Amino acid sequence: MSHTTLPPGFLWGAATSAYQIEGATQADGRGVSIWDTFCSTPGKVLGGHSGEQACRHYFRYAEDVGIMRELGLDSYRFSLAWPRLMPDGRGKLNSKGLDFYKRLVGLLLESEIRPMATLYHWDLPQALQDKGGWANIDTAKRFADYCFAVFEELADVVPMWITINEPAVIAVLGHMSGEMAPGHRDAREGLIVAHHLLLAHGMAVRAFRDSSGRKRAAGADASQPVKGIGIALSINHQEPATDDARDISAAKRADGFWNRLYLDPLFRGHYPEDILEPLAQAGVLPDALAKPRPEEMQMIGQETDFLGINYYTRNQVVWDPADRLLNASAVAPRPPVTAMGWEVYPEGLFKVLKRVSDDYTKIPLFITENGAAFDDSLPPDGAIIDDGSRIDYLSSHVSAARRVCECGVNLKGYYVWSLMDNFEWAQGYSKRFGLVHVDFQTQQRTLKRSALWYRDFITSQR
Ligand code: FCB
């Protein structure tokens, strides 16, 4: 691969999230999150697993930063646990929780690894869920307050902030299909949640602009790596499985539901008309989306400094009258597929980035998550985990990222999901996404071949 095509300051990183790696769910005054509750509800998470131990990163963060240094990462994306910082979701910051993130960030900066911190990666304080969670607009206000308090403490040392990770997944899997916390099954509620998450994002951006930390961090010039705040959207590539007109319109609805429902309000100031119609027909369209208030749309559409895109796969969509909401469903993925059953389709990453750049925004883009689960196990003889399929996945997606830069797309960085094996939500510990293998009994970390590949790749880019 040539060295010439990536923009200066391009960041190679890896990503994690708090509930998936930290463990220590009862340590130092952390409050209960909706994921603690969900995991302790029988039948919700495979194997009855929970994030109670996870990678015990809360205690082992120094070792983990050491691994990042060994891999030569330019940047590390992690999330802050709201219930660790504000056990009840409101009030003053819990100083012990804050100390943990200060120590982590301090060590990253000392190691010359740029922190990118996500403020909300799905672990809502249970106390707020008890008052209606994201279906209650008050949660968005609490979120803005929490963010403001965090910015006052950390915005001068953390250069890049993500407000909310994947509002679509929270709305759909958390509130419509019930596969994730809080496990509700109510399409109308899910759409209200989507609107409130977007509002919460906008309010957090405003809090960032108002915070004194932001003033201290200001003044970046274009040749420097990006600073500031943005959101991370899950954007997989939705396309029709055939050229039948019904499949084409079904794919358009799927794209509207998963992608444009977020991109349009963020970058065009309105919800996409064509998706509101089928939702109204299905009887689930709330007023919040049908008749949003202009000041709310303004709040949602505030200017951000960058956009994060999480990309994993494509869906090939067909017309399906059995699907009540959209009359659309995805066909079985074509091989090769990952252990999640997701098709390996690097071309989709190219298409998604190009499309966002052509149709929505020229602000810097980051691939804030991309990666694959495969069934790796530690060979008994101490040999290396030879995860060639993961290397193939990553290298083909990295090539797609490079190609899109050559087409003039303003892409500024790439983060592998994930630095290490961790708690994969409803799949518990059964799905391994890491560059680094974690033995969840002993907490031993072992570099897989993909970690060495990524290390060498990053070196070759310097
Ligand atoms: C994304 C999540 C992340 C991880 C990957 C596999 O949707 O943001 O936490 O679970 O999927």
# chains A, B, ... in the order shown; residues from 1 in each chain; ligands from 1
$ residues_near_ligand --ligand "ligand 1" --cutoff "10 Å" --atoms "only C-alpha atoms and all ligand atoms" --output "MDAnalysis selection string"
chainID A and resid 15:20 79 121:122 164:170 232:235 310:312 340 368:373 417:418 422:427 431:433
$ select_by_dssp --residues "segment 123-359 of chain A" --states "helix (DSSP H, G or I)" --output "ChimeraX atom specification"
/A:126-129,133-135,137-154,167-175,187-210,212-217,245-268,273-281,287-290,294-300,346-359
$ closest_residue --among "A:Leu93, A:Leu46, A:Ala14, A:Ala251" --to "Ser430 of chain A" --atoms "only C-alpha atoms"
A:Leu46
$ residues_around --residues "segment 253-257 of chain A" --least-positions-apart "4" --cutoff "10 Å" --atoms "only C-alpha atoms" --output "VMD selection string"
chain A and resid 168 172 191 235 to 240 247 to 249 261 to 264 271 to 279 315 to 319 325 to 330
$ closest_residue --among "A:Phe208, A:Tyr76, A:Trp258, A:Phe374" --to "Cys147 of chain A" --atoms "only C-alpha atoms"
A:Phe208
$ atom_distance --atom1 "atom CA of Glu63 of chain A" --atom2 "atom CA of Asp439 of chain A"
14.6 Å
$ residues_around --residues "Cys55 of chain A" --least-positions-apart "3" --cutoff "12 Å" --atoms "only C-alpha atoms" --output "ChimeraX atom specification"
/A:16-25,50-52,58-61,63-64,419-424,429,434,436-445
$ write_last_selection --atoms "C-alpha atoms" --output "CSV table (one decimal), in the first residue's frame"
chain,number,residue,atom,x,y,z
A,16,THR,CA,-14.3,-0.3,23.1
A,17,SER,CA,-17.2,0.7,25.4
A,18,ALA,CA,-17.5,0.9,29.1
A,19,TYR,CA,-20.0,-1.8,29.9
A,20,GLN,CA,-18.4,-4.2,27.5
A,21,ILE,CA,-14.9,-4.0,29.1
A,22,GLU,CA,-14.8,-2.3,32.5
A,23,GLY,CA,-16.4,-4.8,34.9
A,24,ALA,CA,-16.3,-3.4,38.4
A,25,THR,CA,-20.0,-2.7,38.3
A,50,SER,CA,-23.3,-10.0,32.3
A,51,GLY,CA,-20.7,-7.2,32.2
A,52,GLU,CA,-20.1,-7.6,36.0
A,58,TYR,CA,-11.4,-0.7,35.4
A,59,PHE,CA,-8.5,-2.4,37.3
A,60,ARG,CA,-6.3,-3.4,34.4
A,61,TYR,CA,-6.5,-0.2,32.3
A,63,GLU,CA,-1.9,-3.0,31.1
A,64,ASP,CA,-4.5,-2.4,28.4
A,419,LEU,CA,-9.3,-3.7,20.9
A,420,MET,CA,-10.0,-6.8,22.8
A,421,ASP,CA,-12.6,-9.6,23.2
A,422,ASN,CA,-15.4,-8.3,25.4
A,423,PHE,CA,-19.0,-8.6,26.5
A,424,GLU,CA,-21.0,-8.6,23.2
A,429,TYR,CA,-19.1,-13.6,25.8
A,434,GLY,CA,-10.9,-8.5,19.6
A,436,VAL,CA,-6.5,-9.2,21.5
A,437,HIS,CA,-7.8,-12.5,23.0
A,438,VAL,CA,-9.1,-12.3,26.6
A,439,ASP,CA,-9.4,-15.4,28.7
A,440,PHE,CA,-12.4,-14.4,30.8
A,441,GLN,CA,-11.4,-16.9,33.6
A,442,THR,CA,-7.8,-15.7,34.1
A,443,GLN,CA,-8.1,-12.2,32.5
A,444,GLN,CA,-5.0,-13.1,30.5
A,445,ARG,CA,-4.6,-10.9,27.4
$ residues_around --residues "segment 137-141 of chain A" --least-positions-apart "6" --cutoff "8 Å" --atoms "only C-alpha atoms" --output "list in words"
Leu128, His196, Leu197, Leu199, Ala200 and Met203 of chain A
$ write_last_selection --atoms "C-alpha atoms" --output "JSON list (two decimals), in the first residue's frame"
[["chain", "number", "residue", "atom", "x", "y", "z"],
["A", 128, "LEU", "CA", -33.48, 7.36, 34.79],
["A", 196, "HIS", "CA", -35.16, 12.15, 22.01],
["A", 197, "LEU", "CA", -31.73, 10.65, 21.35],
["A", 199, "LEU", "CA", -32.33, 15.93, 20.69],
["A", 200, "ALA", "CA", -30.02, 14.75, 23.47],
["A", 203, "MET", "CA", -28.21, 19.43, 23.55]]
$ select_by_dssp --residues "segment 59-282 of chain A" --states "strand (DSSP E or B)" --output "PyMOL selection string"
chain A and resi 75-79+114-120+125+160-165+228-234+237-240
$ residues_around --residues "Val404 of chain A" --least-positions-apart "5" --cutoff "8 Å" --atoms "only C-alpha atoms" --output "count of residues only"
5
$ residues_around --residues "Phe151 of chain A" --least-positions-apart "6" --cutoff "12 Å" --atoms "only C-alpha atoms" --output "PyMOL selection string"
chain A and resi 80+93+98+117-119+144-145+157-163+204-217+228-229
$ atom_distance --atom1 "atom CA of Val32 of chain A" --atom2 "atom CA of Gly308 of chain A"
27.8 Å
$ atom_distance --atom1 "atom CA of Gly230 of chain A" --atom2 "atom CA of Gly202 of chain A"
9.5 Å
$ closest_residue --among "A:Phe267, A:Tyr393, A:Phe366, A:Phe306" --to "Tyr414 of chain A" --atoms "only C-alpha atoms"
A:Phe366
$ decode --residues "segment 298-325 of chain A" --atoms "N, CA and C atoms" --output "JSON list (two decimals), in the first residue's frame"
[["chain", "number", "residue", "atom", "x", "y", "z"],
["A", 298, "GLN", "N", -33.81, 22.39, 14.94],
["A", 298, "GLN", "CA", -32.62, 23.23, 14.96],
["A", 298, "GLN", "C", -31.59, 22.71, 15.96],
["A", 299, "MET", "N", -32.11, 22.30, 17.10],
["A", 299, "MET", "CA", -31.23, 21.73, 18.13],
["A", 299, "MET", "C", -30.53, 20.47, 17.59],
["A", 300, "ILE", "N", -31.31, 19.61, 16.93],
["A", 300, "ILE", "CA", -30.76, 18.36, 16.40],
["A", 300, "ILE", "C", -29.70, 18.64, 15.32],
["A", 301, "GLY", "N", -29.99, 19.64, 14.49],
["A", 301, "GLY", "CA", -29.14, 19.87, 13.32],
["A", 301, "GLY", "C", -27.94, 20.76, 13.59],
["A", 302, "GLN", "N", -27.61, 20.96, 14.85],
["A", 302, "GLN", "CA", -26.47, 21.85, 15.12],
["A", 302, "GLN", "C", -25.20, 21.36, 14.47],
["A", 303, "GLU", "N", -24.39, 22.30, 14.11],
["A", 303, "GLU", "CA", -23.12, 21.96, 13.46],
["A", 303, "GLU", "C", -22.24, 21.12, 14.39],
["A", 304, "THR", "N", -21.67, 20.07, 13.84],
["A", 304, "THR", "CA", -20.71, 19.28, 14.62],
["A", 304, "THR", "C", -19.36, 19.32, 13.92],
["A", 305, "ASP", "N", -18.34, 18.82, 14.61],
["A", 305, "ASP", "CA", -16.98, 18.92, 14.07],
["A", 305, "ASP", "C", -16.59, 17.74, 13.21],
["A", 306, "PHE", "N", -17.32, 16.64, 13.38],
["A", 306, "PHE", "CA", -17.05, 15.43, 12.58],
["A", 306, "PHE", "C", -18.24, 14.50, 12.73],
["A", 307, "LEU", "N", -18.25, 13.45, 11.92],
["A", 307, "LEU", "CA", -19.28, 12.41, 12.04],
["A", 307, "LEU", "C", -18.60, 11.05, 12.16],
["A", 308, "GLY", "N", -19.05, 10.26, 13.11],
["A", 308, "GLY", "CA", -18.55, 8.88, 13.26],
["A", 308, "GLY", "C", -19.50, 7.92, 12.55],
["A", 309, "ILE", "N", -18.93, 6.98, 11.82],
["A", 309, "ILE", "CA", -19.73, 5.97, 11.13],
["A", 309, "ILE", "C", -19.26, 4.58, 11.57],
["A", 310, "ASN", "N", -20.22, 3.79, 12.08],
["A", 310, "ASN", "CA", -19.91, 2.40, 12.42],
["A", 310, "ASN", "C", -20.42, 1.54, 11.28],
["A", 311, "TYR", "N", -19.54, 0.80, 10.66],
["A", 311, "TYR", "CA", -19.95, -0.01, 9.51],
["A", 311, "TYR", "C", -19.51, -1.46, 9.71],
["A", 312, "TYR", "N", -20.42, -2.39, 9.49],
["A", 312, "TYR", "CA", -20.09, -3.81, 9.61],
["A", 312, "TYR", "C", -20.43, -4.64, 8.38],
["A", 313, "THR", "N", -21.59, -4.33, 7.73],
["A", 313, "THR", "CA", -22.07, -5.28, 6.72],
["A", 313, "THR", "C", -23.06, -4.61, 5.77],
["A", 314, "ARG", "N", -23.60, -5.40, 4.84],
["A", 314, "ARG", "CA", -24.72, -4.89, 4.04],
["A", 314, "ARG", "C", -25.93, -5.79, 4.28],
["A", 315, "ASN", "N", -27.10, -5.24, 3.99],
["A", 315, "ASN", "CA", -28.32, -6.04, 3.97],
["A", 315, "ASN", "C", -28.89, -5.99, 2.57],
["A", 316, "GLN", "N", -29.21, -7.16, 2.05],
["A", 316, "GLN", "CA", -29.93, -7.21, 0.77],
["A", 316, "GLN", "C", -31.40, -7.40, 1.08],
["A", 317, "VAL", "N", -32.19, -6.47, 0.60],
["A", 317, "VAL", "CA", -33.57, -6.34, 1.09],
["A", 317, "VAL", "C", -34.57, -6.74, 0.02],
["A", 318, "VAL", "N", -35.63, -7.42, 0.47],
["A", 318, "VAL", "CA", -36.75, -7.75, -0.44],
["A", 318, "VAL", "C", -38.07, -7.25, 0.13],
["A", 319, "TRP", "N", -39.04, -7.12, -0.74],
["A", 319, "TRP", "CA", -40.41, -6.80, -0.32],
["A", 319, "TRP", "C", -40.93, -7.97, 0.48],
["A", 320, "ASP", "N", -41.51, -7.71, 1.64],
["A", 320, "ASP", "CA", -41.99, -8.79, 2.49],
["A", 320, "ASP", "C", -43.25, -8.34, 3.22],
["A", 321, "PRO", "N", -44.41, -8.72, 2.71],
["A", 321, "PRO", "CA", -45.66, -8.27, 3.32],
["A", 321, "PRO", "C", -45.84, -8.75, 4.76],
["A", 322, "ALA", "N", -45.07, -9.79, 5.14],
["A", 322, "ALA", "CA", -45.20, -10.28, 6.52],
["A", 322, "ALA", "C", -44.59, -9.31, 7.52],
["A", 323, "ASP", "N", -43.74, -8.41, 7.04],
["A", 323, "ASP", "CA", -43.14, -7.43, 7.94],
["A", 323, "ASP", "C", -44.10, -6.24, 8.05],
["A", 324, "ARG", "N", -44.71, -6.13, 9.22],
["A", 324, "ARG", "CA", -45.81, -5.18, 9.43],
["A", 324, "ARG", "C", -45.36, -3.72, 9.30],
["A", 325, "LEU", "N", -44.16, -3.46, 9.78],
["A", 325, "LEU", "CA", -43.70, -2.07, 9.86],
["A", 325, "LEU", "C", -43.32, -1.50, 8.49]]
